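Student: Below is the file final_33.tsv, which contains TSV, C-alpha atoms and all ligand atoms.
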chain	number	residue	atom	x	y	z
D	1	MET	CA	31.12	-22.80	73.53
D	2	PRO	CA	30.09	-25.22	70.73
D	3	ASP	CA	32.66	-27.87	69.78
D	4	LYS	CA	34.73	-27.52	66.61
D	5	GLN	CA	32.91	-30.21	64.66
D	6	ALA	CA	29.50	-28.61	65.30
D	7	VAL	CA	30.83	-25.24	64.12
D	8	ARG	CA	32.25	-26.87	60.96
D	9	THR	CA	28.96	-28.55	60.07
D	10	ALA	CA	26.85	-25.44	60.64
D	11	THR	CA	29.26	-23.05	58.92
D	12	ARG	CA	29.74	-25.24	55.83
D	13	ALA	CA	25.97	-25.35	55.38
D	14	ALA	CA	25.68	-21.57	55.81
D	15	ARG	CA	28.57	-21.08	53.35
D	16	ASP	CA	26.92	-23.29	50.71
D	17	ALA	CA	23.66	-21.35	51.01
D	18	PHE	CA	25.40	-17.95	50.94
D	19	VAL	CA	27.37	-18.76	47.79
D	20	ALA	CA	24.34	-20.23	46.03
D	21	ALA	CA	22.26	-17.15	46.87
D	22	THR	CA	24.75	-14.32	46.26
D	23	CYS	CA	27.72	-15.46	44.07
D	24	PRO	CA	30.18	-13.40	46.16
D	25	VAL	CA	33.56	-12.31	44.72
D	26	MET	CA	36.77	-11.40	46.59
D	27	THR	CA	38.49	-8.10	45.81
D	28	PRO	CA	42.18	-7.74	46.76
D	29	PRO	CA	42.37	-5.48	49.86
D	30	PRO	CA	44.67	-2.41	49.58
D	31	ALA	CA	46.66	-3.50	52.68
D	32	TYR	CA	47.41	-6.77	50.90
D	33	LEU	CA	48.37	-5.13	47.59
D	34	GLU	CA	50.77	-2.77	49.39
D	35	ARG	CA	52.61	-5.69	50.91
D	36	LEU	CA	53.32	-7.51	47.61
D	37	SER	CA	56.75	-7.16	46.08
D	38	HIS	CA	58.64	-8.66	43.17
D	39	GLY	CA	60.06	-12.13	43.88
D	40	MET	CA	57.91	-12.88	46.94
D	41	THR	CA	56.27	-16.29	47.22
D	42	VAL	CA	52.52	-16.25	47.85
D	43	ALA	CA	50.82	-19.53	48.79
D	44	SER	CA	47.29	-19.61	47.40
D	45	TYR	CA	44.88	-22.56	47.10
D	46	VAL	CA	42.31	-23.97	44.69
D	47	PRO	CA	38.88	-23.62	46.33
D	48	MET	CA	36.78	-26.71	47.02
D	49	GLY	CA	33.00	-26.48	47.06
D	50	SER	CA	31.80	-23.16	48.46
D	51	GLU	CA	35.17	-22.03	49.89
D	52	ALA	CA	36.12	-18.41	49.19
D	53	ASP	CA	38.01	-18.17	45.89
D	54	PRO	CA	41.39	-16.42	46.42
D	55	SER	CA	42.08	-16.11	42.65
D	56	PRO	CA	41.74	-12.30	42.54
D	57	LEU	CA	44.44	-12.07	45.25
D	58	ALA	CA	46.66	-14.63	43.50
D	59	ARG	CA	46.27	-12.77	40.19
D	60	ALA	CA	47.30	-9.51	41.84
D	61	ALA	CA	50.35	-11.29	43.24
D	62	VAL	CA	51.35	-12.54	39.78
D	63	GLU	CA	50.92	-9.01	38.40
D	64	ALA	CA	53.24	-7.75	41.17
D	65	GLY	CA	55.91	-10.28	40.13
D	66	CYS	CA	55.30	-12.81	42.91
D	67	ILE	CA	55.72	-16.56	42.61
D	68	ILE	CA	52.63	-18.67	43.36
D	69	ALA	CA	52.71	-21.85	45.42
D	70	LEU	CA	49.84	-24.22	46.14
D	71	PRO	CA	49.41	-26.69	49.01
D	72	HIS	CA	50.19	-30.34	48.38
D	73	ILE	CA	49.09	-33.09	50.75
D	74	VAL	CA	49.67	-36.84	50.73
D	75	ASN	CA	48.23	-38.02	54.05
D	76	ARG	CA	47.94	-36.80	57.65
D	77	ALA	CA	51.30	-38.27	58.65
D	78	THR	CA	53.08	-36.24	55.97
D	79	PRO	CA	53.41	-32.46	56.42
D	80	MET	CA	51.68	-30.35	53.79
D	81	ARG	CA	54.20	-28.74	51.39
D	82	PHE	CA	53.82	-25.60	49.32
D	83	LEU	CA	54.82	-26.39	45.73
D	84	SER	CA	55.59	-23.95	42.95
D	85	TRP	CA	52.79	-23.46	40.46
D	86	ASP	CA	52.91	-21.52	37.24
D	87	THR	CA	49.55	-20.25	36.04
D	88	GLU	CA	49.65	-22.43	32.94
D	89	ALA	CA	50.71	-25.67	34.63
D	90	ALA	CA	48.30	-28.59	34.87
D	91	LEU	CA	46.98	-29.59	38.29
D	92	ILE	CA	46.76	-33.20	39.43
D	93	ALA	CA	43.83	-34.82	41.25
D	94	GLY	CA	44.67	-35.41	44.93
D	95	PRO	CA	42.88	-36.66	48.06
D	96	PHE	CA	39.38	-35.23	48.83
D	97	GLY	CA	39.03	-34.12	45.18
D	98	LEU	CA	41.80	-31.52	45.64
D	99	HIS	CA	43.62	-30.05	42.64
D	100	GLN	CA	47.34	-30.00	43.44
D	101	PRO	CA	50.63	-29.27	41.67
D	102	ALA	CA	52.57	-32.33	40.47
D	103	GLU	CA	54.53	-33.74	43.42
D	104	HIS	CA	57.92	-33.09	41.80
D	105	ALA	CA	57.28	-29.30	41.55
D	106	ALA	CA	59.76	-27.17	43.52
D	107	GLU	CA	59.03	-26.80	47.22
D	108	LEU	CA	58.89	-23.13	48.30
D	109	SER	CA	58.85	-21.18	51.58
D	110	PRO	CA	55.92	-18.78	51.37
D	111	ASP	CA	56.24	-15.14	52.43
D	112	ILE	CA	52.45	-14.85	52.46
D	113	ILE	CA	50.00	-17.71	53.08
D	114	LEU	CA	46.44	-17.23	51.83
D	115	ALA	CA	44.72	-19.81	54.01
D	116	PRO	CA	41.34	-21.43	53.35
D	117	LEU	CA	39.15	-21.82	56.42
D	118	VAL	CA	35.79	-23.06	57.59
D	119	ALA	CA	35.14	-20.39	60.24
D	120	PHE	CA	36.90	-17.37	61.77
D	121	ASP	CA	36.24	-14.95	64.61
D	122	ARG	CA	37.14	-11.28	65.10
D	123	SER	CA	40.06	-12.25	67.33
D	124	LEU	CA	41.62	-13.73	64.15
D	125	ASN	CA	41.16	-17.33	65.24
D	126	ARG	CA	40.85	-19.78	62.38
D	127	LEU	CA	38.98	-23.09	62.20
D	128	GLY	CA	40.01	-25.37	59.33
D	129	GLN	CA	38.95	-28.76	58.02
D	130	GLY	CA	40.22	-30.49	61.15
D	131	ALA	CA	43.33	-32.26	59.89
D	132	GLY	CA	45.78	-29.69	61.32
D	133	TYR	CA	47.62	-29.22	58.01
D	134	TYR	CA	47.67	-25.42	58.15
D	135	ASP	CA	48.38	-25.19	61.88
D	136	ARG	CA	51.46	-27.34	61.33
D	137	ALA	CA	52.50	-25.37	58.24
D	138	PHE	CA	52.20	-22.08	60.18
D	139	LEU	CA	54.73	-23.44	62.71
D	140	ARG	CA	57.17	-24.34	59.93
D	141	PHE	CA	56.90	-20.84	58.39
D	142	PRO	CA	56.64	-18.60	61.45
D	143	ASP	CA	57.72	-15.49	59.52
D	144	SER	CA	55.07	-15.78	56.82
D	145	TRP	CA	52.11	-13.40	56.78
D	146	ARG	CA	49.00	-15.50	57.50
D	147	ILE	CA	45.92	-14.20	55.71
D	148	GLY	CA	42.63	-16.06	56.12
D	149	ILE	CA	40.36	-15.95	53.07
D	150	ALA	CA	36.66	-16.29	53.80
D	151	TRP	CA	33.15	-15.20	52.97
D	152	SER	CA	31.69	-12.84	55.59
D	153	ILE	CA	29.07	-15.45	56.50
D	154	GLN	CA	31.85	-17.66	57.93
D	155	GLN	CA	32.32	-15.34	60.90
D	156	ALA	CA	31.64	-17.00	64.28
D	157	GLU	CA	30.91	-15.15	67.52
D	158	SER	CA	33.95	-16.80	69.10
D	159	LEU	CA	35.76	-20.03	68.25
D	160	PRO	CA	37.07	-22.71	70.58
D	161	VAL	CA	40.88	-22.35	70.64
D	162	GLU	CA	43.27	-25.19	71.43
D	163	SER	CA	46.96	-25.01	72.35
D	164	TRP	CA	48.16	-25.75	68.79
D	165	ASP	CA	45.87	-23.26	67.03
D	166	VAL	CA	47.88	-20.50	65.36
D	167	PRO	CA	45.98	-17.21	64.92
D	168	LEU	CA	45.93	-15.29	61.63
D	169	HIS	CA	47.46	-11.86	61.04
D	170	ALA	CA	44.46	-10.72	59.00
D	171	ILE	CA	41.32	-11.97	57.27
D	172	ALA	CA	40.01	-10.87	53.88
D	173	THR	CA	36.32	-11.30	53.12
D	174	GLU	CA	34.26	-10.02	50.18
D	175	ARG	CA	33.26	-7.11	52.46
D	176	GLU	CA	36.20	-6.18	54.66
D	177	TRP	CA	39.79	-6.53	55.83
D	178	ILE	CA	39.97	-7.62	59.47
D	179	THR	CA	43.19	-7.07	61.38
D	180	ARG	CA	44.45	-5.94	64.79
C	1	LIG	N1	40.91	-25.62	48.92
C	1	LIG	C1	41.58	-26.17	49.90
C	1	LIG	N2	42.74	-26.77	49.67
C	1	LIG	C2	43.40	-27.36	50.70
C	1	LIG	C3	42.87	-27.34	52.01
C	1	LIG	C4	41.63	-26.68	52.23
C	1	LIG	O1	41.09	-26.61	53.34
C	1	LIG	N3	41.02	-26.12	51.15
C	1	LIG	N4	43.58	-27.93	53.02
C	1	LIG	C5	43.46	-27.62	54.37
C	1	LIG	O2	43.87	-28.35	55.23
C	1	LIG	C6	44.48	-29.02	52.66
C	1	LIG	C7	43.61	-30.25	52.38
C	1	LIG	N5	43.05	-30.69	53.59
C	1	LIG	C8	41.84	-31.29	53.77
C	1	LIG	C9	41.62	-31.85	55.00
C	1	LIG	C10	40.45	-32.48	55.29
C	1	LIG	C11	39.46	-32.56	54.34
C	1	LIG	C12	38.20	-33.26	54.70
C	1	LIG	O3	38.14	-33.87	55.75
C	1	LIG	N6	37.15	-33.20	53.92
C	1	LIG	C13	35.94	-33.92	54.24
C	1	LIG	C14	34.69	-33.07	54.40
C	1	LIG	C15	34.71	-31.74	53.72
C	1	LIG	C16	33.36	-31.05	53.72
C	1	LIG	O4	32.34	-31.56	54.23
C	1	LIG	O5	33.32	-29.92	53.18
C	1	LIG	C17	35.72	-34.99	53.22
C	1	LIG	O6	36.03	-34.78	52.03
C	1	LIG	O7	35.25	-36.06	53.64
C	1	LIG	C18	39.67	-31.99	53.10
C	1	LIG	C19	40.86	-31.34	52.81
C	1	LIG	C20	45.30	-28.60	51.48
C	1	LIG	N7	44.53	-28.02	50.43
C	2	LIG	N1	51.53	-28.40	65.50
C	2	LIG	C1	50.92	-29.57	65.50
C	2	LIG	N2	51.60	-30.71	65.65
C	2	LIG	C2	50.97	-31.89	65.66
C	2	LIG	N3	49.64	-32.03	65.48
C	2	LIG	C3	48.92	-30.94	65.31
C	2	LIG	C4	49.51	-29.64	65.29
C	2	LIG	N4	48.54	-28.73	65.08
C	2	LIG	C5	47.39	-29.42	64.98
C	2	LIG	N5	47.61	-30.73	65.11
C	2	LIG	C6	46.58	-31.80	65.10
C	2	LIG	O1	45.68	-31.56	64.06
C	2	LIG	C7	44.36	-31.96	64.46
C	2	LIG	C8	43.32	-30.98	63.97
C	2	LIG	O2	43.45	-29.74	64.63
C	2	LIG	P1	42.33	-28.61	64.44
C	2	LIG	O3	40.99	-29.21	64.66
C	2	LIG	O4	42.73	-27.41	65.20
C	2	LIG	O5	42.51	-28.36	62.87
C	2	LIG	P2	42.06	-27.18	61.95
C	2	LIG	O6	42.64	-25.88	62.40
C	2	LIG	O7	40.62	-27.23	61.76
C	2	LIG	O8	42.78	-27.67	60.61
C	2	LIG	P3	43.81	-27.03	59.62
C	2	LIG	O9	44.94	-26.39	60.39
C	2	LIG	O10	44.26	-28.17	58.76
C	2	LIG	O11	43.09	-26.10	58.80
C	2	LIG	C9	44.39	-32.10	65.95
C	2	LIG	O12	44.12	-33.45	66.24
C	2	LIG	C10	45.78	-31.72	66.37
C	2	LIG	O13	46.28	-32.62	67.31
Let me see the structure of the file written as C-alpha cells.
Tutor:
Amino acid sequence: MPDKQAVRTATRAARDAFVAATCPVMTPPPAYLERLSHGMTVASYVPMGSEADPSPLARAAVEAGCIIALPHIVNRATPMRFLSWDTEAALIAGPFGLHQPAEHAAELSPDIILAPLVAFDRSLNRLGQGAGYYDRAFLRFPDSWRIGIAWSIQQAESLPVESWDVPLHAIATEREWITR
C-alpha cells in the first residue's frame, strides 16, 4: 500500500487537473438535506486551491435554520476549534493562506462536520493534509455526523489506516453519496 504522503501528492495533482478541466459543482445530497433541522450547528470550511467547495451544502443548512461554524487553527499544538460564522462576517487571513473567523467568535459544538479531505476510499476512510487536526476534532465531537466533501477523482482504491484515523459516516461528491 502506498504511504500517505505519496497518496497526498498524487491526489492533489489529480484534483488540480480535474477542477481545471471540468469545473465541478457539489449538489446537496437528499440524505444530507433530510438530516438538517432548525438550530443545528453545521461546521463547513472555506476551500483552498482545488478542494471541493461545500458552499451549496452550507447554504442549504442556512436555509434550514442551521448555524454555520468554520474551523480555526493557530498551530499544531493547539486543537482546531469550530467558531461561529455568520454569512456576512469578514474572514481573517490565517496560516497556510486559510480564511478563518476572527478568533474571538463563539466556539460551537458541531452536530454535522463537513470535512475537507485529500483522498477517501469506499470504506469511508479519510486522508487529510497530514496535521491531524480533523482526526483530533472528531474525537472531541464523537456524536457529530462526519461528512467528507470531495470530488469523485479523489477516490483511492484503499487508503493506509493508522490507529488514530477516524472514519467518516458518509462522503458527498459531485456525483454520489457514499455511505454504509
Ligand atoms: N479548506 C480547508 N480548511 C482547513 C483545513 C483543510 O484541510 N482545508 N484543515 C484541515 O486540517 C485545517 C487547516 N489545516 C492545514 C494543515 C496543513 C496544511 C498544509 O500542510 N499545507 C501545505 C501543502 C498544501 C498543498 O500542497 O496543497 C502547505 O501549505 O505547505 C494546510 C492546512 C483547518 N482548515
Ligand atoms: N487523536 C490524536 N491525538 C494526537 N495526535 C494525533 C491524533 N490524531 C492524529 N494525530 C497526529 O496527527 C498527525 C497526522 O495524522 P494523519 O496523517 O492521519 O492526518 P490526516 O488525517 O491527513 O490529517 P487531518 O485529520 O488534519 O485531516 C500524526 O502525526 C498523528 O500522530
Student: Show me which residues line ligand LIG 2 (chain C), defined as having an atom within 12 Å of a ligand atom where all atoms listed in the file count, and present them as a PDB file with C-alpha atoms, keeping the file's coordinate frame.
Tutor:
ATOM      1  CA  ASP D   3      32.660 -27.870  69.780  1.00  0.00           C
ATOM      2  CA  LYS D   4      34.730 -27.520  66.610  1.00  0.00           C
ATOM      3  CA  GLN D   5      32.910 -30.210  64.660  1.00  0.00           C
ATOM      4  CA  ALA D   6      29.500 -28.610  65.300  1.00  0.00           C
ATOM      5  CA  VAL D   7      30.830 -25.240  64.120  1.00  0.00           C
ATOM      6  CA  ARG D   8      32.250 -26.870  60.960  1.00  0.00           C
ATOM      7  CA  THR D   9      28.960 -28.550  60.070  1.00  0.00           C
ATOM      8  CA  PRO D  71      49.410 -26.690  49.010  1.00  0.00           C
ATOM      9  CA  ILE D  73      49.090 -33.090  50.750  1.00  0.00           C
ATOM     10  CA  ASN D  75      48.230 -38.020  54.050  1.00  0.00           C
ATOM     11  CA  ARG D  76      47.940 -36.800  57.650  1.00  0.00           C
ATOM     12  CA  ALA D  77      51.300 -38.270  58.650  1.00  0.00           C
ATOM     13  CA  THR D  78      53.080 -36.240  55.970  1.00  0.00           C
ATOM     14  CA  PRO D  79      53.410 -32.460  56.420  1.00  0.00           C
ATOM     15  CA  MET D  80      51.680 -30.350  53.790  1.00  0.00           C
ATOM     16  CA  LEU D 114      46.440 -17.230  51.830  1.00  0.00           C
ATOM     17  CA  ALA D 115      44.720 -19.810  54.010  1.00  0.00           C
ATOM     18  CA  PRO D 116      41.340 -21.430  53.350  1.00  0.00           C
ATOM     19  CA  LEU D 117      39.150 -21.820  56.420  1.00  0.00           C
ATOM     20  CA  VAL D 118      35.790 -23.060  57.590  1.00  0.00           C
ATOM     21  CA  ALA D 119      35.140 -20.390  60.240  1.00  0.00           C
ATOM     22  CA  PHE D 120      36.900 -17.370  61.770  1.00  0.00           C
ATOM     23  CA  ASN D 125      41.160 -17.330  65.240  1.00  0.00           C
ATOM     24  CA  ARG D 126      40.850 -19.780  62.380  1.00  0.00           C
ATOM     25  CA  LEU D 127      38.980 -23.090  62.200  1.00  0.00           C
ATOM     26  CA  GLY D 128      40.010 -25.370  59.330  1.00  0.00           C
ATOM     27  CA  GLN D 129      38.950 -28.760  58.020  1.00  0.00           C
ATOM     28  CA  GLY D 130      40.220 -30.490  61.150  1.00  0.00           C
ATOM     29  CA  ALA D 131      43.330 -32.260  59.890  1.00  0.00           C
ATOM     30  CA  GLY D 132      45.780 -29.690  61.320  1.00  0.00           C
ATOM     31  CA  TYR D 133      47.620 -29.220  58.010  1.00  0.00           C
ATOM     32  CA  TYR D 134      47.670 -25.420  58.150  1.00  0.00           C
ATOM     33  CA  ASP D 135      48.380 -25.190  61.880  1.00  0.00           C
ATOM     34  CA  ARG D 136      51.460 -27.340  61.330  1.00  0.00           C
ATOM     35  CA  ALA D 137      52.500 -25.370  58.240  1.00  0.00           C
ATOM     36  CA  PHE D 138      52.200 -22.080  60.180  1.00  0.00           C
ATOM     37  CA  LEU D 139      54.730 -23.440  62.710  1.00  0.00           C
ATOM     38  CA  ARG D 140      57.170 -24.340  59.930  1.00  0.00           C
ATOM     39  CA  PHE D 141      56.900 -20.840  58.390  1.00  0.00           C
ATOM     40  CA  PRO D 142      56.640 -18.600  61.450  1.00  0.00           C
ATOM     41  CA  ARG D 146      49.000 -15.500  57.500  1.00  0.00           C
ATOM     42  CA  GLY D 148      42.630 -16.060  56.120  1.00  0.00           C
ATOM     43  CA  ILE D 149      40.360 -15.950  53.070  1.00  0.00           C
ATOM     44  CA  LEU D 159      35.760 -20.030  68.250  1.00  0.00           C
ATOM     45  CA  PRO D 160      37.070 -22.710  70.580  1.00  0.00           C
ATOM     46  CA  VAL D 161      40.880 -22.350  70.640  1.00  0.00           C
ATOM     47  CA  GLU D 162      43.270 -25.190  71.430  1.00  0.00           C
ATOM     48  CA  SER D 163      46.960 -25.010  72.350  1.00  0.00           C
ATOM     49  CA  TRP D 164      48.160 -25.750  68.790  1.00  0.00           C
ATOM     50  CA  ASP D 165      45.870 -23.260  67.030  1.00  0.00           C
ATOM     51  CA  VAL D 166      47.880 -20.500  65.360  1.00  0.00           C
ATOM     52  CA  PRO D 167      45.980 -17.210  64.920  1.00  0.00           C
ATOM     53  CA  LEU D 168      45.930 -15.290  61.630  1.00  0.00           C
TER      54      LEU D 168
END
Student: Which residues are near His38 in chain D? Cut-off 10 Å, all atoms listed in the file, ignore same chain within fewer than 2 positions. Put them as a PyMOL selection string.
Tutor: chain D and resi 36+40-41+61-67
Student: How many Å separate CA of Gly39 in chain D from CA of His104 in chain D?
Tutor: 21.2 Å
Student: Find the spatial neighbours of Pro30 in chain D, counting all atoms listed in the file, within a cut-off of 12 Å - ignore same-chain residues fewer than 3 positions away - and output them as a ChimeraX atom specification.
Tutor: /D:27,33-36,57,60,172,176-177
Student: Using all atoms of ligand LIG 1 (chain C) listed in the file and a margin of 4 Å per side, can you give the axis-aligned box centre and edge lengths in Å to one decimal, as JSON?
Tutor:
{"center_x": 38.8, "center_y": -30.8, "center_z": 52.3, "size_x": 21.0, "size_y": 18.4, "size_z": 14.8}
Student: Looking at all atoms listed in the file, which of D:Ala10, D:Ala20, D:Val25, D:Ala69 is the one that sits closest to Asp111 in chain D?
Tutor: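 Ranked by minimum distance to Asp111 in chain D, first place goes to D:Ala69.
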Student: Name the closest residue to Gln100 in chain D among the candidates D:Pro24, D:Pro2, D:Pro47, D:Pro29; distances are taken between atoms, counting all atoms listed in the file.
Tutor: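 Result for the nearest residue to Gln100 in chain D: D:Pro47.
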Student: I'd like to know which of D:Arg122, D:Ala106, D:Ala58, D:Phe82 is closest to ligand LIG 1 (chain C), using all atoms listed in the file.
Tutor: D:Phe82
Student: Ranking D:Ala89, D:Asp121, D:Ala150, D:Ser37 by minimum distance to ligand LIG 1 (chain C) and counting all atoms listed in the file, which one comes first?
Tutor: D:Ala150
Student: What's the 8 Å shell around Ile153 in chain D, counting all atoms listed in the file, without same-chain residues fewer than 2 positions away, as a list in words?
Tutor: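 Returned residues: Thr11, Ala14, Arg15, Phe18, Trp151 and Gln155 of chain D.
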Student: Tell me which of D:Trp85, D:Tyr32, D:Phe96, D:Trp145 sits closest to ligand LIG 1 (chain C), counting all atoms listed in the file.
Tutor: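 Closest to ligand LIG 1 (chain C) of all the choices is D:Phe96.
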Student: Just checking: using all atoms listed in the file, which residue out of D:Gln154, D:Ser144, D:Ser50, D:Ser123 ends up closest to ligand LIG 1 (chain C)?
Tutor: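 When distances to ligand LIG 1 (chain C) are compared using all atoms listed in the file, the smallest one comes from D:Ser50.
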Student: Tell me which protein, DNA and RNA residues are within 8 Å of Ile92 in chain D, counting only C-alpha atoms, leaving out same-chain ones fewer than 5 positions away, and put them as a short mmCIF file (atom, residue, chain, number, x, y, z; two decimals) with C-alpha atoms, keeping the file's coordinate frame.
Tutor:
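This is the output file part.cif:
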data_model
loop_
_atom_site.label_atom_id
_atom_site.label_comp_id
_atom_site.auth_asym_id
_atom_site.auth_seq_id
_atom_site.Cartn_x
_atom_site.Cartn_y
_atom_site.Cartn_z
CA HIS D 99 43.62 -30.05 42.64
CA GLN D 100 47.34 -30.00 43.44
CA PRO D 101 50.63 -29.27 41.67
CA ALA D 102 52.57 -32.33 40.47
#
Student: What is the distance between atom N7 of ligand LIG 1 (chain C) and CA of Arg180 in chain D, in Å to one decimal?
Tutor: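 A separation of 26.3 Å between them.
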Student: One decimal, in Å: what's the spacing between atom C2 of ligand LIG 1 (chain C) and CA of Ser84 in chain D?
Tutor: 14.8 Å
